[in-house]
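Enquirer: Here it is, the structure in full.
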Amino acid sequence: MTTTIEVPRIQRFAANTAGRDFAAGDIHGHFSRLQAALEAAGFDPVVDRLFSVGDLIDRGPECRDALDWLAKPWFHPVRGNHDDFVVHFDTCDVFSWICNGGSWFTGLSPPEQQAFALQFAELPIAIEIETPGGLVGIIHADCPVSSWDQLRAELQSPESDKQLRAVLLRCMWSRTRIQAGDTRGVHGLRALVVGHTPLRQPAVLGNVYHVDTAGWLDGYFTLLDLTTLQCIPPIDPEPGFDQA
């Protein structure tokens with residue numbers, strides 16, 4: 001039976017007055033590569049924080065390390081579509097999951113599977129972080145509405161279960177904005193950070209930052225400083241954001 005836990009769907013973090021805040025793209029079981037990117041950026045786990053757009057598991061060799069990372073007090077991910085498979089492992093489309101990198105999960109014992117489901121069920125759908133320049137949001141794939149206030153209301157007090165499912169689906173799966181090159185942005189935020197679609201370099205559409213640069217595949221991990229909104233490594237000034 002899938003475990004149901006009442007947890008906030010949106011989580012808020014106060015400003016980091018001691019160190020820096022970063023956001024990173026999809027991890028997909030490549031925590032060693034992410035750690036190397038953090039070390040190259042001079043990340044200090046004592047005062048710095050890392051926010052993740054989710055998809056912690058599948059496709060890479062270190063999926064089992066996800067629980068160790070979730071125990072780190074400075075690591076804060078949202079739930080991606082692959083993470084959601086774990087939450088609903090006994091009712092999801094298992095064939096589709098396995099075809100997209102989920103076979104590692106079938107090798108776990110039932111208690112191990114349940115442990116993953118419990119931890120991943122606690123991941124919020126959205127995160128908002130106070131920064132000196134204004135509020136920054138984190139979602140895995142996209143914001144399905146035009147304003148952050150509206151999304152917050154949809155997540156906290158949905159009109160119906162059907163409406164909530166539609167919102168969650170788009171938060172974790174939608175590629176509409178990046179595919180259309182939509183620059184209208186999301187009102188009520190300084191910036192929204194998303195992943196889900198692998199790109200050759202980060203893309204900025206309005207105030208929406210797409211930071212999955214395929215560090216889990218053949219690309220690299222981008223770290224976005226949430227105070228300066230500068231990427232490490234920097235964005236190539238050449239135009240275009242071809243998918244990886």
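Here, A, B, ... name the chains of the structure tokens in the order displayed, residue numbers run from 1 inside each chain, and ligands are numbered from 1 in the same displayed order.
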If you take only C-alpha atoms and a cut-off of 12 Å, which residues of segment 150-243 of chain A touch segment 55-60 of chain A, and what are their nearest atom pairs and distances in Å to one decimal, in chain and number order, as JSON lines?
Expert:
{"residue": "A:Met172", "atom": "CA", "partner": "A:Asp55", "partner_atom": "CA", "distance": 9.5}
{"residue": "A:Trp173", "atom": "CA", "partner": "A:Asp55", "partner_atom": "CA", "distance": 11.1}
{"residue": "A:Val194", "atom": "CA", "partner": "A:Asp55", "partner_atom": "CA", "distance": 11.2}
{"residue": "A:Gly195", "atom": "CA", "partner": "A:Asp55", "partner_atom": "CA", "distance": 8.8}
{"residue": "A:His196", "atom": "CA", "partner": "A:Asp55", "partner_atom": "CA", "distance": 7.8}
{"residue": "A:Thr197", "atom": "CA", "partner": "A:Asp55", "partner_atom": "CA", "distance": 11.1}
{"residue": "A:Pro198", "atom": "CA", "partner": "A:Asp55", "partner_atom": "CA", "distance": 11.9}
{"residue": "A:Asp212", "atom": "CA", "partner": "A:Asp55", "partner_atom": "CA", "distance": 10.4}
{"residue": "A:Ala214", "atom": "CA", "partner": "A:Arg59", "partner_atom": "CA", "distance": 11.6}
{"residue": "A:Gly215", "atom": "CA", "partner": "A:Gly60", "partner_atom": "CA", "distance": 10.5}
{"residue": "A:Trp216", "atom": "CA", "partner": "A:Gly60", "partner_atom": "CA", "distance": 6.9}
{"residue": "A:Leu217", "atom": "CA", "partner": "A:Gly60", "partner_atom": "CA", "distance": 8.5}
{"residue": "A:Asp218", "atom": "CA", "partner": "A:Gly60", "partner_atom": "CA", "distance": 11.7}
Enquirer: What does the file look like for those residues with C-alpha atoms, as a short mmCIF file (atom, residue, chain, number, x, y, z; two decimals), in the first residue's frame?
Expert:
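What ended up in out13.cif:
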data_model
loop_
_atom_site.label_atom_id
_atom_site.label_comp_id
_atom_site.auth_asym_id
_atom_site.auth_seq_id
_atom_site.Cartn_x
_atom_site.Cartn_y
_atom_site.Cartn_z
CA MET A 172 6.17 17.84 -12.27
CA TRP A 173 5.78 17.08 -16.00
CA VAL A 194 13.03 24.70 -12.84
CA GLY A 195 14.60 21.62 -14.41
CA HIS A 196 13.04 18.56 -16.10
CA THR A 197 14.17 19.41 -19.65
CA PRO A 198 17.89 18.80 -20.29
CA ASP A 212 19.00 21.19 -16.03
CA ALA A 214 22.35 17.27 -18.10
CA GLY A 215 24.99 16.77 -15.44
CA TRP A 216 23.51 13.29 -15.14
CA LEU A 217 24.04 12.54 -18.85
CA ASP A 218 26.86 14.04 -20.88
#
Enquirer: Could you list, as number ranges by chain, every residue within 12 Å of Ala141 of chain A, counting only C-alpha atoms and ignoring same-chain residues fewer than 3 positions away?
Expert: A: 25-26, 52-55, 78-82, 125-126, 137-138, 144, 167-179, 192-198, 208-212
Enquirer: Which residues in segment 18-213 of chain A does DSSP call helix (DSSP H, G or I)? List them as a ChimeraX atom specification.
Expert: /A:31-40,63-70,81-87,94-106,110-121,148-156,161-173,176-180
Enquirer: With a distance cut-off of 12 Å and only C-alpha atoms, select the neighbouring residues of Pro158 of chain A, excluding the residue or stretch itself and same-chain residues fewer than 6 positions from it, and output the selection as a PDB file with C-alpha atoms, in the first residue's frame.
Expert:
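So part.pdb came out as:
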ATOM      1  CA  ARG A   9       2.992  20.934  -0.694  1.00  0.00           C
ATOM      2  CA  GLN A 150      -2.263  31.536  -7.397  1.00  0.00           C
ATOM      3  CA  LEU A 151      -0.047  28.451  -7.379  1.00  0.00           C
ATOM      4  CA  ARG A 152       0.337  28.710  -3.613  1.00  0.00           C
ATOM      5  CA  LEU A 164      -5.064  19.310  -7.496  1.00  0.00           C
ATOM      6  CA  ARG A 165      -4.038  16.342  -9.650  1.00  0.00           C
ATOM      7  CA  ALA A 166      -3.990  18.580 -12.722  1.00  0.00           C
ATOM      8  CA  VAL A 167      -1.807  21.147 -10.985  1.00  0.00           C
ATOM      9  CA  LEU A 168       0.611  18.511  -9.649  1.00  0.00           C
TER      10      LEU A 168
END
Enquirer: What gap, in Å, lies between atom CA of Thr227 of chain A and atom CA of Asn207 of chain A?
Expert: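 These atoms are spaced 13.8 Å apart.
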Enquirer: Which residue, A:Arg49, A:Lys72, A:Arg33, A:His28, has the smallest gap to Asn100 of chain A when you use only C-alpha atoms?
Expert: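 For Asn100 of chain A, the nearest of the given residues is A:His28.
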Enquirer: Do you have the atom CA of Phe22 of chain A-atom CA of Phe51 of chain A distance handy?
Expert: 6.0 Å
Enquirer: What residues in segment 4-194 of chain A get the DSSP label strand (DSSP E)? Please answer as an MDAnalysis selection string.
Expert: chainID A and resid 10:13 21:24 49:52 75:77 126:131 134:139 191:194
Enquirer: Using C-alpha atoms, can you write the selected residues to a file as an mmCIF file, in the first residue's frame?
Expert:
data_model
loop_
_atom_site.group_PDB
_atom_site.id
_atom_site.type_symbol
_atom_site.label_atom_id
_atom_site.label_comp_id
_atom_site.auth_asym_id
_atom_site.auth_seq_id
_atom_site.Cartn_x
_atom_site.Cartn_y
_atom_site.Cartn_z
ATOM 1 C CA ILE A 10 4.847 24.244 -0.621
ATOM 2 C CA GLN A 11 7.678 24.999 1.788
ATOM 3 C CA ARG A 12 9.112 28.426 2.630
ATOM 4 C CA PHE A 13 12.682 29.231 3.695
ATOM 5 C CA ASP A 21 22.016 29.697 -1.509
ATOM 6 C CA PHE A 22 22.302 27.710 -4.723
ATOM 7 C CA ALA A 23 19.879 25.797 -6.931
ATOM 8 C CA ALA A 24 20.892 22.805 -9.054
ATOM 9 C CA ARG A 49 22.295 25.756 1.262
ATOM 10 C CA LEU A 50 21.520 23.759 -1.875
ATOM 11 C CA PHE A 51 18.020 23.693 -3.354
ATOM 12 C CA SER A 52 17.247 21.016 -5.919
ATOM 13 C CA PHE A 75 20.003 19.976 1.041
ATOM 14 C CA HIS A 76 16.408 20.871 0.104
ATOM 15 C CA PRO A 77 14.768 19.319 -2.997
ATOM 16 C CA ALA A 126 7.284 23.753 -4.520
ATOM 17 C CA ILE A 127 9.770 25.717 -2.440
ATOM 18 C CA GLU A 128 9.998 29.478 -1.962
ATOM 19 C CA ILE A 129 13.120 31.186 -0.627
ATOM 20 C CA GLU A 130 13.487 34.724 0.633
ATOM 21 C CA THR A 131 16.494 36.495 -0.889
ATOM 22 C CA GLY A 134 12.931 39.131 -3.554
ATOM 23 C CA LEU A 135 11.215 35.757 -3.426
ATOM 24 C CA VAL A 136 12.639 32.869 -5.488
ATOM 25 C CA GLY A 137 10.559 29.794 -6.289
ATOM 26 C CA ILE A 138 11.622 26.227 -7.067
ATOM 27 C CA ILE A 139 9.501 23.688 -8.989
ATOM 28 C CA ALA A 191 12.801 34.244 -10.213
ATOM 29 C CA LEU A 192 11.462 30.726 -10.675
ATOM 30 C CA VAL A 193 13.993 27.899 -11.010
ATOM 31 C CA VAL A 194 13.029 24.696 -12.844
#
Enquirer: With a distance cut-off of 10 Å and only C-alpha atoms, select the neighbouring residues of Pro234 of chain A, excluding the residue or stretch itself and same-chain residues fewer than 5 positions from it, and output the selection as a PDB file with C-alpha atoms, in the first residue's frame.
Expert:
ATOM      1  CA  GLN A 201      23.221  25.485 -21.254  1.00  0.00           C
ATOM      2  CA  PRO A 202      20.833  27.251 -18.867  1.00  0.00           C
ATOM      3  CA  THR A 222      24.807  24.216 -13.234  1.00  0.00           C
ATOM      4  CA  LEU A 223      24.639  25.966  -9.867  1.00  0.00           C
ATOM      5  CA  LEU A 224      22.470  29.097  -9.784  1.00  0.00           C
TER       6      LEU A 224
END
Enquirer: Could you state the separation of atom CA of Ala66 of chain A and atom CA of Ala121 of chain A in Å, given to one decimal place?
Expert: 13.3 Å
